[in-house]
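Undergrad: Take this structure first; my questions come after.
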Amino acid sequence: MIDAWESLASLLVASFLASTLIPVSSEAALFAVLRLHADLAWPAIALATLGNTAGGLTTYLIGRYIGSKKPLTQLDRVKRYGSPLLALAWLPFVGDGLCLAAGWIKLNWIAVTMWSAAGRCARYWLVAQGALW
């Protein structure tokens, strides 16, 4: 049987990769970990949130330091609503654009991190509820 630490490490990696352009399902990874180790719900949610937020911040940094001169489709929305919009950074396809735009316009990285982590944690908490039902 897979050791709990191996499961959590795999979840951390999967959740990081899922927040990049690599098509990995962090929700499926969390669900699987919780089916094997139901007693690790909170550590699993925390690690999934950490990994996914770190991946989002990687995209933020790309937008901040490497951006091009072409306008971004999410740029106007992020300028208008600011960091709280990053609570939706977990959304497929849209979330990467939000993180990139936040970096592009140089939103405060602490606010971006907090809002992004809050949205991602809420999502993982809901997935955990389904896994533990």
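Letters A, B, ... go to the chains of the structure tokens in the order shown; residues in each chain start at 1; ligands are counted from 1 in the same order.
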Would you pick out the contacts of Ala29 (chain A) at 10 Å or less, using only C-alpha atoms, so that residues sharing its chain but fewer than 2 positions from it are not included, and give the list as a ChimeraX atom specification?
TA: /A:7-8,10-15,24-27,31-35,44,48
Undergrad: Residues within 8 Å of Leu86 (chain A), please, as a PDB file with C-alpha atoms, in the first residue's frame. Count only C-alpha atoms; anything in the same chain fewer than 5 positions from it doesn't count.
TA:
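Output saved as part.pdb:
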```pdb
ATOM      1  CA  GLY A  95      -7.139  31.077 -13.930  1.00  0.00           C
ATOM      2  CA  LEU A  98      -5.776  35.872 -14.304  1.00  0.00           C
ATOM      3  CA  CYS A  99      -2.436  34.996 -12.695  1.00  0.00           C
ATOM      4  CA  VAL A 112      -2.571  37.909  -5.007  1.00  0.00           C
ATOM      5  CA  TRP A 115      -6.869  35.666  -2.594  1.00  0.00           C
ATOM      6  CA  SER A 116      -5.596  32.900  -4.815  1.00  0.00           C
ATOM      7  CA  GLY A 119     -10.201  30.364  -3.630  1.00  0.00           C
TER       8      GLY A 119
END
```
Undergrad: Write out as a list of chain:residue names the residues lying within 9 Å of Leu61 (chain A), counting only C-alpha atoms and excluding same-chain residues fewer than 6 positions away.
TA: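 Contacts, with the query itself left out: A:Cys99, A:Leu100, A:Gly103, A:Trp104.
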Undergrad: Find the residues near Ala118 (chain A): any atom within 12 Å, counting only C-alpha atoms, skip ones fewer than 6 places away on the same chain, and give them as a ChimeraX atom specification.
TA: /A:45-46,49-50,52-53,83-90,111-112,124-125
Undergrad: Do a neighbour search on Leu107 (chain A) at 10 Å with only C-alpha atoms, toss out local chain neighbours closer than 6 positions, and write the hits as a VMD selection string.
TA: chain A and resid 60 64 78 to 79 82 to 83 99 101
Undergrad: Save the residues we just selected, N, CA and C atoms, as a compact mmCIF listing (two decimals), in the first residue's frame?
TA:
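File written: again23.txt
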```txt
# COMPACT_ATOMS: atom_id res chain seq x y z
N TYR A 60 2.18 34.02 -12.28
CA TYR A 60 2.22 35.44 -11.92
C TYR A 60 3.60 36.02 -12.21
N ARG A 64 4.85 38.95 -14.65
CA ARG A 64 5.53 40.12 -14.08
C ARG A 64 6.87 40.41 -14.74
N VAL A 78 -8.72 42.22 -14.53
CA VAL A 78 -7.86 42.24 -13.34
C VAL A 78 -7.60 43.68 -12.90
N LYS A 79 -7.41 44.59 -13.84
CA LYS A 79 -7.24 46.00 -13.48
C LYS A 79 -8.47 46.53 -12.76
N GLY A 82 -9.03 43.96 -9.38
CA GLY A 82 -7.86 43.82 -8.51
C GLY A 82 -7.65 42.42 -7.98
N SER A 83 -6.92 42.34 -6.89
CA SER A 83 -6.53 41.07 -6.29
C SER A 83 -7.69 40.14 -5.92
N CYS A 99 -3.75 34.93 -13.36
CA CYS A 99 -2.44 35.00 -12.70
C CYS A 99 -1.42 35.75 -13.55
N ALA A 101 -2.08 38.00 -15.88
CA ALA A 101 -2.46 39.42 -15.92
C ALA A 101 -2.11 40.12 -14.60
```
Undergrad: Can you list, as a PDB file with C-alpha atoms, in the first residue's frame, every residue of region 31-110 of chain A that DSSP puts in helix (DSSP H, G or I)?
TA:
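Output file part.pdb follows:
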```pdb
ATOM      1  CA  PHE A  31      -9.800  12.636  -4.191  1.00  0.00           C
ATOM      2  CA  ALA A  32      -7.523   9.599  -4.551  1.00  0.00           C
ATOM      3  CA  VAL A  33      -5.363  10.555  -1.569  1.00  0.00           C
ATOM      4  CA  LEU A  34      -8.420  11.033   0.612  1.00  0.00           C
ATOM      5  CA  ARG A  35      -9.910   7.705  -0.443  1.00  0.00           C
ATOM      6  CA  LEU A  36      -6.663   6.026   0.656  1.00  0.00           C
ATOM      7  CA  ALA A  38      -9.230   9.761   4.970  1.00  0.00           C
ATOM      8  CA  ASP A  39      -7.505  10.729   8.222  1.00  0.00           C
ATOM      9  CA  LEU A  40      -5.215  13.125   6.319  1.00  0.00           C
ATOM     10  CA  ALA A  41      -7.979  15.431   5.059  1.00  0.00           C
ATOM     11  CA  TRP A  42      -6.600  18.706   6.417  1.00  0.00           C
ATOM     12  CA  PRO A  43      -2.933  18.065   5.583  1.00  0.00           C
ATOM     13  CA  ALA A  44      -4.016  16.988   2.083  1.00  0.00           C
ATOM     14  CA  ILE A  45      -6.153  20.104   1.582  1.00  0.00           C
ATOM     15  CA  ALA A  46      -3.292  22.288   2.860  1.00  0.00           C
ATOM     16  CA  LEU A  47      -0.695  20.688   0.575  1.00  0.00           C
ATOM     17  CA  ALA A  48      -2.977  20.783  -2.460  1.00  0.00           C
ATOM     18  CA  THR A  49      -3.654  24.466  -1.770  1.00  0.00           C
ATOM     19  CA  LEU A  50       0.055  25.175  -1.266  1.00  0.00           C
ATOM     20  CA  GLY A  51       1.147  23.411  -4.435  1.00  0.00           C
ATOM     21  CA  ASN A  52      -1.609  24.910  -6.576  1.00  0.00           C
ATOM     22  CA  THR A  53      -1.011  28.414  -5.213  1.00  0.00           C
ATOM     23  CA  ALA A  54       2.740  28.082  -5.838  1.00  0.00           C
ATOM     24  CA  GLY A  55       2.038  27.066  -9.427  1.00  0.00           C
ATOM     25  CA  GLY A  56      -0.238  30.086  -9.840  1.00  0.00           C
ATOM     26  CA  LEU A  57       2.464  32.350  -8.463  1.00  0.00           C
ATOM     27  CA  THR A  58       4.862  30.882 -11.016  1.00  0.00           C
ATOM     28  CA  THR A  59       2.491  32.092 -13.729  1.00  0.00           C
ATOM     29  CA  TYR A  60       2.217  35.437 -11.918  1.00  0.00           C
ATOM     30  CA  LEU A  61       6.017  35.777 -12.017  1.00  0.00           C
ATOM     31  CA  ILE A  62       6.072  34.961 -15.718  1.00  0.00           C
ATOM     32  CA  GLY A  63       3.580  37.768 -16.305  1.00  0.00           C
ATOM     33  CA  ARG A  64       5.530  40.118 -14.083  1.00  0.00           C
ATOM     34  CA  TYR A  65       8.984  39.565 -15.513  1.00  0.00           C
ATOM     35  CA  ILE A  66       8.613  38.213 -19.042  1.00  0.00           C
ATOM     36  CA  LEU A  75      -5.924  42.383 -18.217  1.00  0.00           C
ATOM     37  CA  ASP A  76      -8.903  44.756 -18.108  1.00  0.00           C
ATOM     38  CA  ARG A  77     -10.810  42.527 -15.682  1.00  0.00           C
ATOM     39  CA  VAL A  78      -7.857  42.242 -13.340  1.00  0.00           C
ATOM     40  CA  LYS A  79      -7.236  45.998 -13.479  1.00  0.00           C
ATOM     41  CA  ARG A  80     -10.893  46.639 -12.695  1.00  0.00           C
ATOM     42  CA  TYR A  81     -11.407  44.150  -9.851  1.00  0.00           C
ATOM     43  CA  SER A  83      -6.527  41.070  -6.293  1.00  0.00           C
ATOM     44  CA  PRO A  84      -9.933  39.715  -5.113  1.00  0.00           C
ATOM     45  CA  LEU A  85     -10.518  38.450  -8.649  1.00  0.00           C
ATOM     46  CA  LEU A  86      -7.658  36.016  -8.038  1.00  0.00           C
ATOM     47  CA  ALA A  87      -9.992  33.976  -5.808  1.00  0.00           C
ATOM     48  CA  LEU A  88     -11.082  32.552  -9.176  1.00  0.00           C
ATOM     49  CA  VAL A  94      -9.228  31.400 -17.093  1.00  0.00           C
ATOM     50  CA  GLY A  95      -7.139  31.077 -13.930  1.00  0.00           C
ATOM     51  CA  ASP A  96      -3.825  31.020 -15.766  1.00  0.00           C
ATOM     52  CA  GLY A  97      -4.798  34.212 -17.564  1.00  0.00           C
ATOM     53  CA  LEU A  98      -5.776  35.872 -14.304  1.00  0.00           C
ATOM     54  CA  CYS A  99      -2.436  34.996 -12.695  1.00  0.00           C
ATOM     55  CA  LEU A 100      -0.502  36.149 -15.754  1.00  0.00           C
ATOM     56  CA  ALA A 101      -2.460  39.420 -15.917  1.00  0.00           C
ATOM     57  CA  ALA A 102      -1.956  40.047 -12.186  1.00  0.00           C
ATOM     58  CA  GLY A 103       1.784  39.732 -12.676  1.00  0.00           C
ATOM     59  CA  TRP A 104       1.674  41.835 -15.834  1.00  0.00           C
ATOM     60  CA  TRP A 109       2.009  39.619  -4.695  1.00  0.00           C
ATOM     61  CA  ILE A 110       0.911  39.165  -1.090  1.00  0.00           C
TER      62      ILE A 110
END
```
Undergrad: Grab the CA of Leu126 (chain A) to CA of Asn108 (chain A) distance for me, in Å with one decimal place.
TA: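 Here the two named atoms are 27.7 Å from each other.
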Undergrad: In Å, with one decimal, what is the gap from CA of Met114 (chain A) to CA of Trp5 (chain A)?
TA: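 CA of Trp5 (chain A) lies 26.2 Å from CA of Met114 (chain A).
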Undergrad: Expressed in Å to a single decimal, how great is the separation between CA of Ala122 (chain A) and CA of Phe93 (chain A)?
TA: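 According to the coordinates, CA of Ala122 (chain A) and CA of Phe93 (chain A) are separated by 18.4 Å.
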